[in-house]
Amino acid sequence: MRPKLALAFAIMLTLLAVGLSVWLAQSGLQ
Amino acid sequence: MVVAHACAVLALGLLAVGGPFAVIILVGEPAPSGGVTWDFSMGLGFGALAMITLQFAMTGRLRWITHPFGADIVYLAHRYLSWGALVLMGAHFAVLYVFHQPALGELNPFQARWELTAGRVAMVCFAGLVITSQWRKSLRVSYEWWRKLHLALAITGFVAAILHVLGVGNLTDTTEKRMLWLGATLGWAGVLVFTRVIRPWVQSRNPWRVIANHDEGGGVRRLELEPEGRGLTRWKPGQFAWLKIDRSPYGLIEHPFTISTAPEKGPNLSFSIKALGDHSFELAQTEIGARAYVDGPYGAFSVDRMARAPGFVMIAGGVGITPILSNLHALDARNDARPVILIYGNPTWDDVAFRTELDALRQRLNLTLVHVLDDPPDEWDGERGKVDFDILTRHLAADTRDWPHLLCGPGPMISSLRGDLHRLGVQDRHIDYEIFELV
């Protein structure tokens with residue numbers, strides 16, 4: 001269980017950064 | 001309580017990556033846009049840097065962060081996050097390369113803009129960090145050299161990355177954004193100063209002295225340490241500490257060892273050391289009177305985390321017995337009568353460490369001890385071969401399936417045992433194991 005949590009956390013943070021980059025590109029900078 | 005703490009740490013990790021984006025997008029005047037692909041690339045680079053900054057907090061052995069998960073899992077997350085950060089960094093560069101190649105200019109550092117060279121240096125450093133860690137053994141880099149290289153590349157890479165961001169200046173145009181970078185840099189420097197200066201200084205004020213070095217059989221030596229300053233408080237059975245003997249507390253050479261002593265039997269600490277690598281060989285030879293520094297306790301491989309378990313299944317391979325033994329000692333110190341089944345695999349009978357100690361524990365605990373030998377002596381009538389599905393089936397009754405299963409041993413043994421236990425019907429949440437040798 002615990003090692004999967006580490007992997008899930010890393011994937012989640014990476015996807016979060018990609019998602020927020022998309023948001024930044026779409027709407028953040030005018 | 002531990003779950004709430006774990007959620008708080010995870011939420012802080014999300015905030016560390018998400019928060020800076022929110023500041024950039026929502027606070028102050030919007031930055032001038034360079035087009036969708038350009039802004040996307042800037043975001044990726046930005047995300048990579050946020051994740052890298054987080055790495056320093058994760059590897060600083062800050063107890064607040066490691067406590068809910070165990071230090072091994074935090075290091076594992078560090079490894080995965082590094083891959084994530086490297087992917088983001090590569091994507092940041094790749095998007096620019098595909099859509100905005102002219103902006104990248106010259107590759108030659110003598111002709112290129114310095115801030116772009118800084119970015120390339122950072123990327124090479126971080127790629128080097130990931131490669132040397134993932135494949136340290138194949139690359140034949142010794143653990144001691146790897147630690148020095150790791151710190152040097154990490155610091156160089158981070159400084160180069162910050163210079164890159166400030167030099168390029170795309171996201172540093174307002175006070176809020178400059179505060180953000182300043183905060184990230186100060187946080188990073190703070191963790192570094194804490195782990196490299198303040199903590200070793202505290203250790204130097206609280207040295208330990210080696211007062212005994214016993215032979216425990218199976219090539220294992222047990223060192224006993226006495227505190228000369230403040231001792232260790234509140235360790236749990238099965239936890240480990242980083243040990244430096246006859247070395248400066250500021251040095252990088254240190255190794256994690258299980259604390260063998262039950263918490264109830266402090267303040268002296270015992271560490272069981274098997275001479276495997278260069279450094280553990282040296283430590284096994286330690287003379288009485290040597291000065292030592294202890295950084296701990298860390299780890300979550302403990303019966304204390306499973307207070308309500310009806311019994312325990314423990315499976316050890318070779319020197320992996322040490323955290324298990326420490327858990328057994330704790331059960332013994334508390335007169336805990338819950339049943340324990342211990343399956344202990346070794347190559348030969350001579351390799352079996354702590355034989356007398358285990359026999360003594362068997363008298364006092366409700367302990368079933370199963371030795372498994374790869375190459376047993378002729379008169380051996382116990383289990384033979386590796387600990388496998390058949391052996392597990394023979395010794396683990398059906399009613400033990402939802403007991404905690406504590407595994408400790410070499411990596412390949414753990415992964416095959418997990419498969420065998422799953423086949424047997426044990427759920428993953430009942431399997432706990434300590435990962436050592438991450439690099």
# chains A, B, ... in the order shown; residues from 1 in each chain; ligands from 1
call {"tool": "residues_around", "arguments": {"residues": "segment 3-20 of chain A", "least_positions_apart": "6", "cutoff": "10 Å", "atoms": "only C-alpha atoms", "output": "mmCIF file with N, CA and C atoms, in the first residue's frame"}}
result
data_model
loop_
_atom_site.group_PDB
_atom_site.id
_atom_site.type_symbol
_atom_site.label_atom_id
_atom_site.label_comp_id
_atom_site.auth_asym_id
_atom_site.auth_seq_id
_atom_site.Cartn_x
_atom_site.Cartn_y
_atom_site.Cartn_z
ATOM 1 N N GLN A 26 -4.076 28.923 -21.247
ATOM 2 C CA GLN A 26 -5.413 29.251 -21.742
ATOM 3 C C GLN A 26 -5.894 30.608 -21.263
ATOM 4 N N GLY A 28 -4.384 32.455 -18.146
ATOM 5 C CA GLY A 28 -3.635 33.207 -17.148
ATOM 6 C C GLY A 28 -3.024 34.479 -17.698
ATOM 7 N N LEU B 10 0.475 15.645 2.552
ATOM 8 C CA LEU B 10 0.166 15.529 1.127
ATOM 9 C C LEU B 10 -0.432 16.843 0.601
ATOM 10 N N GLY B 13 2.155 19.342 0.008
ATOM 11 C CA GLY B 13 2.858 19.057 -1.242
ATOM 12 C C GLY B 13 2.097 19.604 -2.430
ATOM 13 N N LEU B 14 0.783 19.403 -2.434
ATOM 14 C CA LEU B 14 -0.049 19.927 -3.530
ATOM 15 C C LEU B 14 0.012 21.454 -3.557
ATOM 16 N N LEU B 15 -0.017 22.031 -2.362
ATOM 17 C CA LEU B 15 0.026 23.489 -2.260
ATOM 18 C C LEU B 15 1.371 24.032 -2.763
ATOM 19 N N ALA B 16 2.435 23.282 -2.496
ATOM 20 C CA ALA B 16 3.767 23.736 -2.912
ATOM 21 C C ALA B 16 3.853 23.829 -4.430
ATOM 22 N N VAL B 17 3.146 22.953 -5.125
ATOM 23 C CA VAL B 17 3.168 23.004 -6.586
ATOM 24 C C VAL B 17 2.058 23.906 -7.118
ATOM 25 N N GLY B 18 0.867 23.807 -6.520
ATOM 26 C CA GLY B 18 -0.283 24.569 -7.026
ATOM 27 C C GLY B 18 -0.249 26.035 -6.623
ATOM 28 N N PHE B 21 1.464 28.704 -8.891
ATOM 29 C CA PHE B 21 0.691 28.948 -10.115
ATOM 30 C C PHE B 21 -0.422 29.950 -9.829
ATOM 31 N N ALA B 22 -1.085 29.731 -8.682
ATOM 32 C CA ALA B 22 -2.196 30.611 -8.321
ATOM 33 C C ALA B 22 -1.691 32.050 -8.194
ATOM 34 N N ILE B 25 -1.007 33.427 -11.723
ATOM 35 C CA ILE B 25 -2.189 33.661 -12.566
ATOM 36 C C ILE B 25 -3.123 34.695 -11.951
ATOM 37 N N PHE B 40 2.394 27.804 -22.124
ATOM 38 C CA PHE B 40 2.334 26.419 -21.656
ATOM 39 C C PHE B 40 3.736 25.955 -21.249
ATOM 40 N N SER B 41 4.716 26.246 -22.089
ATOM 41 C CA SER B 41 6.090 25.853 -21.796
ATOM 42 C C SER B 41 6.598 26.524 -20.523
ATOM 43 N N GLY B 43 4.820 27.465 -18.039
ATOM 44 C CA GLY B 43 4.142 26.775 -16.927
ATOM 45 C C GLY B 43 4.846 25.473 -16.574
ATOM 46 N N LEU B 44 5.235 24.717 -17.600
ATOM 47 C CA LEU B 44 5.909 23.431 -17.346
ATOM 48 C C LEU B 44 7.235 23.649 -16.617
ATOM 49 N N GLY B 45 7.984 24.639 -17.082
ATOM 50 C CA GLY B 45 9.270 24.932 -16.438
ATOM 51 C C GLY B 45 9.058 25.344 -14.987
ATOM 52 N N PHE B 46 8.041 26.133 -14.813
ATOM 53 C CA PHE B 46 7.696 26.632 -13.497
ATOM 54 C C PHE B 46 7.304 25.476 -12.563
ATOM 55 N N GLY B 47 6.471 24.567 -13.090
ATOM 56 C CA GLY B 47 6.055 23.386 -12.319
ATOM 57 C C GLY B 47 7.250 22.520 -11.957
ATOM 58 N N ALA B 48 8.176 22.365 -12.899
ATOM 59 C CA ALA B 48 9.375 21.560 -12.645
ATOM 60 C C ALA B 48 10.157 22.152 -11.486
ATOM 61 N N ALA B 50 9.044 24.108 -9.089
ATOM 62 C CA ALA B 50 8.299 23.951 -7.826
ATOM 63 C C ALA B 50 8.518 22.543 -7.275
ATOM 64 N N MET B 51 8.495 21.532 -8.151
ATOM 65 C CA MET B 51 8.680 20.155 -7.689
ATOM 66 C C MET B 51 10.100 19.913 -7.187
ATOM 67 N N PHE B 69 4.537 8.421 7.062
ATOM 68 C CA PHE B 69 4.723 7.445 5.983
ATOM 69 C C PHE B 69 5.883 6.496 6.227
ATOM 70 N N ASP B 72 11.416 5.642 4.365
ATOM 71 C CA ASP B 72 11.660 4.918 3.110
ATOM 72 C C ASP B 72 10.664 5.333 2.030
ATOM 73 N N ILE B 73 9.404 5.537 2.434
ATOM 74 C CA ILE B 73 8.376 5.913 1.453
ATOM 75 C C ILE B 73 8.590 7.347 0.979
ATOM 76 N N VAL B 74 9.062 8.206 1.881
ATOM 77 C CA VAL B 74 9.326 9.584 1.470
ATOM 78 C C VAL B 74 10.472 9.598 0.444
ATOM 79 N N TYR B 75 11.483 8.767 0.672
ATOM 80 C CA TYR B 75 12.570 8.682 -0.309
ATOM 81 C C TYR B 75 12.079 8.099 -1.631
ATOM 82 N N LEU B 76 11.162 7.152 -1.546
ATOM 83 C CA LEU B 76 10.602 6.563 -2.768
ATOM 84 C C LEU B 76 9.816 7.626 -3.541
ATOM 85 N N ALA B 77 9.019 8.426 -2.807
ATOM 86 C CA ALA B 77 8.267 9.512 -3.453
ATOM 87 C C ALA B 77 9.246 10.503 -4.083
ATOM 88 N N HIS B 78 10.351 10.750 -3.412
ATOM 89 C CA HIS B 78 11.391 11.636 -3.938
ATOM 90 C C HIS B 78 11.890 11.117 -5.286
ATOM 91 N N ARG B 79 12.099 9.810 -5.350
ATOM 92 C CA ARG B 79 12.578 9.221 -6.601
ATOM 93 C C ARG B 79 11.547 9.408 -7.723
ATOM 94 N N TYR B 80 10.287 9.102 -7.431
ATOM 95 C CA TYR B 80 9.246 9.241 -8.458
ATOM 96 C C TYR B 80 9.053 10.703 -8.853
ATOM 97 N N LEU B 81 9.070 11.586 -7.852
ATOM 98 C CA LEU B 81 8.871 13.006 -8.141
ATOM 99 C C LEU B 81 10.002 13.549 -9.012
ATOM 100 N N SER B 82 11.206 13.012 -8.809
ATOM 101 C CA SER B 82 12.338 13.470 -9.616
ATOM 102 C C SER B 82 12.106 13.131 -11.081
ATOM 103 N N TRP B 83 11.579 11.945 -11.310
ATOM 104 C CA TRP B 83 11.243 11.583 -12.691
ATOM 105 C C TRP B 83 10.187 12.545 -13.233
ATOM 106 N N GLY B 84 9.186 12.848 -12.411
ATOM 107 C CA GLY B 84 8.129 13.782 -12.832
ATOM 108 C C GLY B 84 8.709 15.145 -13.174
ATOM 109 N N ALA B 85 9.594 15.648 -12.298
ATOM 110 C CA ALA B 85 10.194 16.965 -12.521
ATOM 111 C C ALA B 85 11.031 16.962 -13.801
ATOM 112 N N LEU B 86 11.741 15.853 -14.022
ATOM 113 C CA LEU B 86 12.590 15.756 -15.216
ATOM 114 C C LEU B 86 11.732 15.741 -16.486
ATOM 115 N N VAL B 87 10.596 15.055 -16.413
ATOM 116 C CA VAL B 87 9.678 15.028 -17.562
ATOM 117 C C VAL B 87 9.151 16.438 -17.842
ATOM 118 N N LEU B 88 8.769 17.153 -16.778
ATOM 119 C CA LEU B 88 8.262 18.523 -16.950
ATOM 120 C C LEU B 88 9.337 19.418 -17.575
ATOM 121 N N ALA B 91 9.812 18.583 -21.130
ATOM 122 C CA ALA B 91 8.677 19.059 -21.933
ATOM 123 C C ALA B 91 8.765 20.577 -22.110
ATOM 124 N N ASP B 432 3.246 -5.163 5.010
ATOM 125 C CA ASP B 432 4.057 -3.986 5.278
ATOM 126 C C ASP B 432 5.508 -4.374 5.088
ATOM 127 N N TYR B 433 6.262 -3.530 4.437
ATOM 128 C CA TYR B 433 7.687 -3.873 4.291
ATOM 129 C C TYR B 433 8.539 -2.629 4.279
ATOM 130 N N GLU B 434 9.739 -2.797 4.727
ATOM 131 C CA GLU B 434 10.680 -1.691 4.764
ATOM 132 C C GLU B 434 11.503 -1.779 3.485
ATOM 133 N N ILE B 435 11.638 -0.644 2.817
ATOM 134 C CA ILE B 435 12.471 -0.644 1.609
ATOM 135 C C ILE B 435 13.807 -0.060 2.000
#
call {"tool": "select_by_dssp", "arguments": {"residues": "segment 209-271 of chain B", "states": "strand (DSSP E or B)", "output": "short mmCIF file (atom, residue, chain, number, x, y, z; two decimals) with N, CA and C atoms, in the first residue's frame"}}
result
data_model
loop_
_atom_site.label_atom_id
_atom_site.label_comp_id
_atom_site.auth_asym_id
_atom_site.auth_seq_id
_atom_site.Cartn_x
_atom_site.Cartn_y
_atom_site.Cartn_z
N ARG B 209 28.94 7.20 22.78
CA ARG B 209 30.19 6.45 22.89
C ARG B 209 29.88 4.96 22.71
N VAL B 210 30.73 4.30 21.93
CA VAL B 210 30.55 2.85 21.72
C VAL B 210 31.07 2.15 22.97
N ILE B 211 30.20 1.36 23.64
CA ILE B 211 30.66 0.71 24.87
C ILE B 211 30.74 -0.81 24.73
N ALA B 212 30.26 -1.37 23.61
CA ALA B 212 30.40 -2.81 23.41
C ALA B 212 30.29 -3.13 21.93
N ASN B 213 30.93 -4.21 21.52
CA ASN B 213 30.85 -4.69 20.14
C ASN B 213 30.84 -6.22 20.19
N HIS B 214 29.63 -6.82 20.13
CA HIS B 214 29.47 -8.28 20.28
C HIS B 214 29.33 -8.96 18.93
N ASP B 215 29.75 -10.22 18.88
CA ASP B 215 29.49 -11.07 17.71
C ASP B 215 28.13 -11.73 17.91
N VAL B 220 27.05 -10.95 11.88
CA VAL B 220 26.46 -9.72 12.39
C VAL B 220 27.14 -9.30 13.70
N ARG B 221 27.49 -8.03 13.79
CA ARG B 221 28.05 -7.49 15.02
C ARG B 221 27.01 -6.56 15.65
N ARG B 222 26.98 -6.56 16.97
CA ARG B 222 26.04 -5.64 17.62
C ARG B 222 26.83 -4.59 18.40
N LEU B 223 26.64 -3.33 17.99
CA LEU B 223 27.31 -2.23 18.69
C LEU B 223 26.35 -1.66 19.73
N GLU B 224 26.88 -1.43 20.93
CA GLU B 224 26.05 -0.77 21.93
C GLU B 224 26.60 0.63 22.18
N LEU B 225 25.72 1.61 22.14
CA LEU B 225 26.11 3.01 22.28
C LEU B 225 25.47 3.62 23.51
N GLU B 226 26.27 4.47 24.17
CA GLU B 226 25.77 5.14 25.37
C GLU B 226 25.74 6.64 25.09
N PRO B 227 24.65 7.33 25.45
CA PRO B 227 24.62 8.77 25.16
C PRO B 227 25.53 9.54 26.11
N PHE B 240 14.76 3.03 12.58
CA PHE B 240 16.20 3.04 12.37
C PHE B 240 16.76 4.44 12.61
N ALA B 241 18.09 4.52 12.65
CA ALA B 241 18.75 5.81 12.79
C ALA B 241 19.95 5.83 11.86
N TRP B 242 20.37 7.01 11.47
CA TRP B 242 21.58 7.15 10.66
C TRP B 242 22.76 7.28 11.60
N LEU B 243 23.78 6.50 11.31
CA LEU B 243 24.90 6.35 12.23
C LEU B 243 26.20 6.83 11.59
N LYS B 244 26.93 7.66 12.35
CA LYS B 244 28.28 8.06 11.94
C LYS B 244 29.20 7.69 13.09
N ILE B 245 30.25 6.91 12.79
CA ILE B 245 31.18 6.56 13.86
C ILE B 245 32.57 7.00 13.46
N HIS B 255 25.22 5.79 7.53
CA HIS B 255 24.37 4.72 7.03
C HIS B 255 23.22 4.47 7.98
N PRO B 256 22.07 4.05 7.45
CA PRO B 256 20.95 3.76 8.32
C PRO B 256 21.04 2.35 8.91
N PHE B 257 20.81 2.24 10.21
CA PHE B 257 20.77 0.92 10.86
C PHE B 257 19.58 0.85 11.80
N THR B 258 19.03 -0.35 11.91
CA THR B 258 17.90 -0.54 12.82
C THR B 258 18.34 -0.38 14.26
N ILE B 259 17.50 0.28 15.04
CA ILE B 259 17.74 0.35 16.49
C ILE B 259 17.23 -0.97 17.07
N LEU B 269 21.59 2.49 23.16
CA LEU B 269 21.06 1.95 21.91
C LEU B 269 21.97 0.86 21.37
N SER B 270 21.37 -0.18 20.79
CA SER B 270 22.16 -1.20 20.10
C SER B 270 21.84 -1.15 18.62
N PHE B 271 22.88 -1.33 17.80
CA PHE B 271 22.70 -1.41 16.36
C PHE B 271 23.33 -2.70 15.87
#
call {"tool": "atom_distance", "arguments": {"atom1": "atom CA of Ala152 of chain B", "atom2": "atom CA of Ala112 of chain B"}}
result
24.4 Å
call {"tool": "residues_around", "arguments": {"residues": "segment 365-378 of chain B", "least_positions_apart": "6", "cutoff": "12 Å", "atoms": "only C-alpha atoms", "output": "CSV table (one decimal) with N, CA and C atoms, in the first residue's frame"}}
result
chain,number,residue,atom,x,y,z
B,311,GLY,N,-2.6,-10.8,15.8
B,311,GLY,CA,-1.3,-11.5,15.8
B,311,GLY,C,-0.5,-11.0,14.7
B,312,PHE,N,0.7,-11.5,14.5
B,312,PHE,CA,1.6,-11.0,13.5
B,312,PHE,C,2.3,-12.1,12.7
B,313,VAL,N,2.4,-11.9,11.4
B,313,VAL,CA,3.2,-12.8,10.5
B,313,VAL,C,4.5,-11.9,10.2
B,314,MET,N,5.7,-12.5,10.5
B,314,MET,CA,6.9,-11.7,10.1
B,314,MET,C,7.7,-12.6,9.3
B,315,ILE,N,8.3,-12.1,8.2
B,315,ILE,CA,9.1,-12.9,7.3
B,315,ILE,C,10.4,-12.1,7.1
B,316,ALA,N,11.5,-12.7,7.4
B,316,ALA,CA,12.8,-12.0,7.3
B,316,ALA,C,13.7,-12.8,6.4
B,317,GLY,N,14.6,-12.1,5.6
B,317,GLY,CA,15.6,-12.7,4.8
B,317,GLY,C,17.0,-12.1,5.3
B,318,GLY,N,17.9,-13.0,5.7
B,318,GLY,CA,19.2,-12.5,6.1
B,318,GLY,C,19.2,-11.4,7.2
B,321,ILE,N,16.4,-9.5,9.4
B,321,ILE,CA,15.9,-9.9,10.7
B,321,ILE,C,16.0,-8.7,11.7
B,325,LEU,N,13.5,-8.3,14.8
B,325,LEU,CA,14.0,-8.6,16.1
B,325,LEU,C,13.6,-7.5,17.1
B,327,ASN,N,11.2,-5.4,16.9
B,327,ASN,CA,9.7,-5.5,17.2
B,327,ASN,C,9.4,-6.6,18.2
B,328,LEU,N,10.1,-7.8,18.0
B,328,LEU,CA,9.9,-8.9,18.9
B,328,LEU,C,10.4,-8.5,20.4
B,329,HIS,N,11.5,-7.8,20.4
B,329,HIS,CA,12.0,-7.3,21.8
B,329,HIS,C,10.9,-6.4,22.4
B,330,ALA,N,10.3,-5.6,21.6
B,330,ALA,CA,9.3,-4.7,22.2
B,330,ALA,C,8.1,-5.5,22.7
B,331,LEU,N,7.7,-6.5,21.9
B,331,LEU,CA,6.5,-7.3,22.4
B,331,LEU,C,6.9,-8.0,23.7
B,332,ASP,N,8.2,-8.5,23.8
B,332,ASP,CA,8.7,-9.1,25.0
B,332,ASP,C,8.7,-8.2,26.1
B,333,ALA,N,9.2,-7.0,25.9
B,333,ALA,CA,9.3,-6.0,27.0
B,333,ALA,C,7.9,-5.7,27.6
B,334,ARG,N,6.9,-5.8,26.7
B,334,ARG,CA,5.5,-5.5,27.2
B,334,ARG,C,4.7,-6.7,27.6
B,335,ASN,N,5.4,-7.9,27.6
B,335,ASN,CA,4.7,-9.1,28.0
B,335,ASN,C,3.5,-9.3,27.0
B,336,ASP,N,3.6,-9.0,25.8
B,336,ASP,CA,2.5,-9.1,24.8
B,336,ASP,C,2.4,-10.6,24.4
B,337,ALA,N,1.2,-11.1,24.6
B,337,ALA,CA,1.0,-12.6,24.4
B,337,ALA,C,0.4,-12.9,23.1
B,338,ARG,N,0.3,-11.9,22.2
B,338,ARG,CA,-0.3,-12.2,20.9
B,338,ARG,C,0.6,-13.1,20.1
B,339,PRO,N,0.0,-14.0,19.3
B,339,PRO,CA,0.8,-15.0,18.5
B,339,PRO,C,1.6,-14.3,17.4
B,340,VAL,N,2.9,-14.8,17.2
B,340,VAL,CA,3.7,-14.3,16.2
B,340,VAL,C,4.3,-15.5,15.4
B,341,ILE,N,4.1,-15.5,14.1
B,341,ILE,CA,4.8,-16.5,13.3
B,341,ILE,C,5.9,-15.9,12.5
B,342,LEU,N,7.1,-16.3,12.8
B,342,LEU,CA,8.3,-15.7,12.1
B,342,LEU,C,8.9,-16.8,11.2
B,343,ILE,N,9.0,-16.4,9.9
B,343,ILE,CA,9.7,-17.3,8.9
B,343,ILE,C,11.0,-16.6,8.5
B,344,TYR,N,12.1,-17.3,8.7
B,344,TYR,CA,13.4,-16.6,8.6
B,344,TYR,C,14.3,-17.4,7.6
B,345,GLY,N,14.5,-16.8,6.5
B,345,GLY,CA,15.3,-17.4,5.4
B,345,GLY,C,16.7,-17.0,5.5
B,346,ASN,N,17.6,-18.0,5.3
B,346,ASN,CA,19.1,-17.8,5.2
B,346,ASN,C,19.7,-18.7,4.2
B,347,PRO,N,20.9,-18.4,3.7
B,347,PRO,CA,21.6,-19.4,2.8
B,347,PRO,C,22.0,-20.7,3.5
B,348,THR,N,22.7,-20.5,4.7
B,348,THR,CA,23.1,-21.7,5.4
B,348,THR,C,22.9,-21.5,6.9
B,349,TRP,N,23.0,-22.6,7.7
B,349,TRP,CA,22.8,-22.5,9.1
B,349,TRP,C,23.8,-21.5,9.8
B,350,ASP,N,25.0,-21.4,9.2
B,350,ASP,CA,26.0,-20.5,9.8
B,350,ASP,C,25.7,-19.0,9.5
B,351,ASP,N,24.8,-18.8,8.5
B,351,ASP,CA,24.4,-17.4,8.2
B,351,ASP,C,23.3,-16.9,9.1
B,352,VAL,N,22.7,-17.8,9.9
B,352,VAL,CA,21.6,-17.4,10.7
B,352,VAL,C,22.1,-16.6,11.9
B,353,ALA,N,21.7,-15.3,11.9
B,353,ALA,CA,22.2,-14.5,13.0
B,353,ALA,C,21.2,-14.5,14.2
B,355,ARG,N,20.8,-16.5,16.7
B,355,ARG,CA,20.1,-17.8,17.0
B,355,ARG,C,19.7,-18.0,18.4
B,357,GLU,N,19.4,-15.6,20.7
B,357,GLU,CA,18.5,-14.6,21.1
B,357,GLU,C,17.0,-15.0,20.6
B,358,LEU,N,16.9,-15.5,19.4
B,358,LEU,CA,15.6,-15.9,18.9
B,358,LEU,C,15.1,-17.1,19.8
B,359,ASP,N,16.0,-18.0,20.1
B,359,ASP,CA,15.5,-19.2,21.0
B,359,ASP,C,15.0,-18.7,22.3
B,384,ARG,N,13.5,-26.2,3.5
B,384,ARG,CA,14.6,-26.0,2.6
B,384,ARG,C,14.3,-25.1,1.4
B,385,GLY,N,15.3,-24.5,0.8
B,385,GLY,CA,15.1,-23.7,-0.4
B,385,GLY,C,14.8,-22.2,0.0
B,386,LYS,N,14.1,-21.5,-0.9
B,386,LYS,CA,13.8,-20.1,-0.6
B,386,LYS,C,12.4,-20.1,0.0
B,387,VAL,N,12.1,-19.0,0.8
B,387,VAL,CA,10.7,-18.9,1.3
B,387,VAL,C,9.8,-18.7,0.1
B,388,ASP,N,8.9,-19.6,-0.1
B,388,ASP,CA,8.0,-19.5,-1.3
B,388,ASP,C,6.6,-19.9,-0.9
B,390,ASP,N,4.7,-22.5,-1.3
B,390,ASP,CA,4.5,-23.8,-0.6
B,390,ASP,C,4.8,-23.7,0.9
B,391,ILE,N,5.9,-23.1,1.2
B,391,ILE,CA,6.3,-22.9,2.6
B,391,ILE,C,5.3,-22.0,3.4
B,392,LEU,N,4.9,-20.9,2.7
B,392,LEU,CA,3.9,-20.0,3.3
B,392,LEU,C,2.6,-20.8,3.6
B,394,ARG,N,2.2,-23.9,4.1
B,394,ARG,CA,2.4,-24.9,5.2
B,394,ARG,C,2.3,-24.3,6.6
B,395,HIS,N,2.8,-23.0,6.7
B,395,HIS,CA,3.0,-22.5,8.0
B,395,HIS,C,2.0,-21.4,8.4
B,396,LEU,N,1.3,-20.9,7.4
B,396,LEU,CA,0.3,-19.8,7.7
B,396,LEU,C,-1.1,-20.3,7.6
call {"tool": "atom_distance", "arguments": {"atom1": "atom CA of Ser27 of chain A", "atom2": "atom CA of Thr185 of chain B"}}
result
27.2 Å
call {"tool": "atom_distance", "arguments": {"atom1": "atom CA of His430 of chain B", "atom2": "atom CA of His405 of chain B"}}
result
5.8 Å
call {"tool": "closest_residue", "arguments": {"among": "B:Ala8, B:Leu62, B:Ile288, B:Leu406", "to": "Thr195 of chain B", "atoms": "only C-alpha atoms"}}
result
B:Leu62
call {"tool": "residues_around", "arguments": {"residues": "Ile65 of chain B", "least_positions_apart": "2", "cutoff": "10 Å", "atoms": "only C-alpha atoms", "output": "list in words"}}
result
His5, Ala6, Ala8, Val9, Leu10, Leu12, Ala57, Met58, Thr59, Gly60, Arg61, Leu62, Arg63, His67, Pro68, Phe69, Gly70, Ala71 and Val74 of chain B
call {"tool": "write_last_selection", "arguments": {"atoms": "N, CA and C atoms", "output": "short mmCIF file (atom, residue, chain, number, x, y, z; two decimals), in the first residue's frame"}}
result
data_model
loop_
_atom_site.label_atom_id
_atom_site.label_comp_id
_atom_site.auth_asym_id
_atom_site.auth_seq_id
_atom_site.Cartn_x
_atom_site.Cartn_y
_atom_site.Cartn_z
N HIS B 5 -2.49 13.52 9.84
CA HIS B 5 -1.15 14.07 9.65
C HIS B 5 -0.68 13.81 8.21
N ALA B 6 -0.90 12.58 7.74
CA ALA B 6 -0.50 12.22 6.38
C ALA B 6 -1.20 13.12 5.36
N ALA B 8 -2.33 16.09 5.83
CA ALA B 8 -1.78 17.45 5.93
C ALA B 8 -0.48 17.55 5.12
N VAL B 9 0.38 16.53 5.23
CA VAL B 9 1.65 16.57 4.50
C VAL B 9 1.39 16.53 2.99
N LEU B 10 0.47 15.65 2.55
CA LEU B 10 0.17 15.53 1.13
C LEU B 10 -0.43 16.84 0.60
N LEU B 12 0.06 19.79 1.75
CA LEU B 12 1.13 20.80 1.67
C LEU B 12 1.95 20.61 0.40
N ALA B 57 12.84 19.63 0.67
CA ALA B 57 12.11 19.44 1.93
C ALA B 57 11.89 17.96 2.19
N MET B 58 11.66 17.20 1.11
CA MET B 58 11.36 15.78 1.28
C MET B 58 12.57 14.97 1.71
N THR B 59 13.76 15.40 1.27
CA THR B 59 14.95 14.60 1.58
C THR B 59 15.71 15.14 2.77
N GLY B 60 15.19 16.20 3.37
CA GLY B 60 15.88 16.79 4.53
C GLY B 60 15.63 16.02 5.81
N ARG B 61 14.95 14.87 5.71
CA ARG B 61 14.62 14.06 6.89
C ARG B 61 13.96 14.91 7.96
N LEU B 62 12.99 15.72 7.53
CA LEU B 62 12.25 16.50 8.51
C LEU B 62 11.21 15.57 9.10
N ARG B 63 11.26 15.42 10.40
CA ARG B 63 10.43 14.37 11.02
C ARG B 63 8.95 14.60 10.78
N HIS B 67 7.26 11.28 9.35
CA HIS B 67 6.57 10.51 10.39
C HIS B 67 5.36 9.69 9.90
N PRO B 68 4.41 10.28 9.16
CA PRO B 68 3.21 9.47 8.84
C PRO B 68 3.48 8.33 7.87
N PHE B 69 4.54 8.42 7.06
CA PHE B 69 4.72 7.45 5.98
C PHE B 69 5.88 6.50 6.23
N GLY B 70 6.86 6.94 7.01
CA GLY B 70 8.12 6.22 7.09
C GLY B 70 9.09 6.85 6.11
N ALA B 71 10.35 6.98 6.55
CA ALA B 71 11.34 7.69 5.72
C ALA B 71 11.55 6.98 4.39
N VAL B 74 9.06 8.21 1.88
CA VAL B 74 9.33 9.58 1.47
C VAL B 74 10.47 9.60 0.44
#
call {"tool": "closest_residue", "arguments": {"among": "B:Ala300, B:Leu182, B:Ala292, B:Leu361", "to": "chain A", "atoms": "only C-alpha atoms"}}
result
B:Ala300
call {"tool": "closest_residue", "arguments": {"among": "B:Tyr293, B:Phe354, B:Trp201, B:Phe301", "to": "chain A", "atoms": "only C-alpha atoms"}}
result
B:Phe301
call {"tool": "select_by_dssp", "arguments": {"residues": "chain A", "states": "alpha helix (DSSP H)", "output": "MDAnalysis selection string"}}
result
chainID A and resid 2:23
call {"tool": "closest_residue", "arguments": {"among": "B:Gly409, B:Gly382, B:Gly34, B:Pro207", "to": "chain A", "atoms": "only C-alpha atoms"}}
result
B:Gly34
call {"tool": "residues_around", "arguments": {"residues": "Phe389 of chain B", "least_positions_apart": "6", "cutoff": "12 Å", "atoms": "only C-alpha atoms", "output": "PyMOL selection string"}}
result
chain B and resi 395-396+416-425
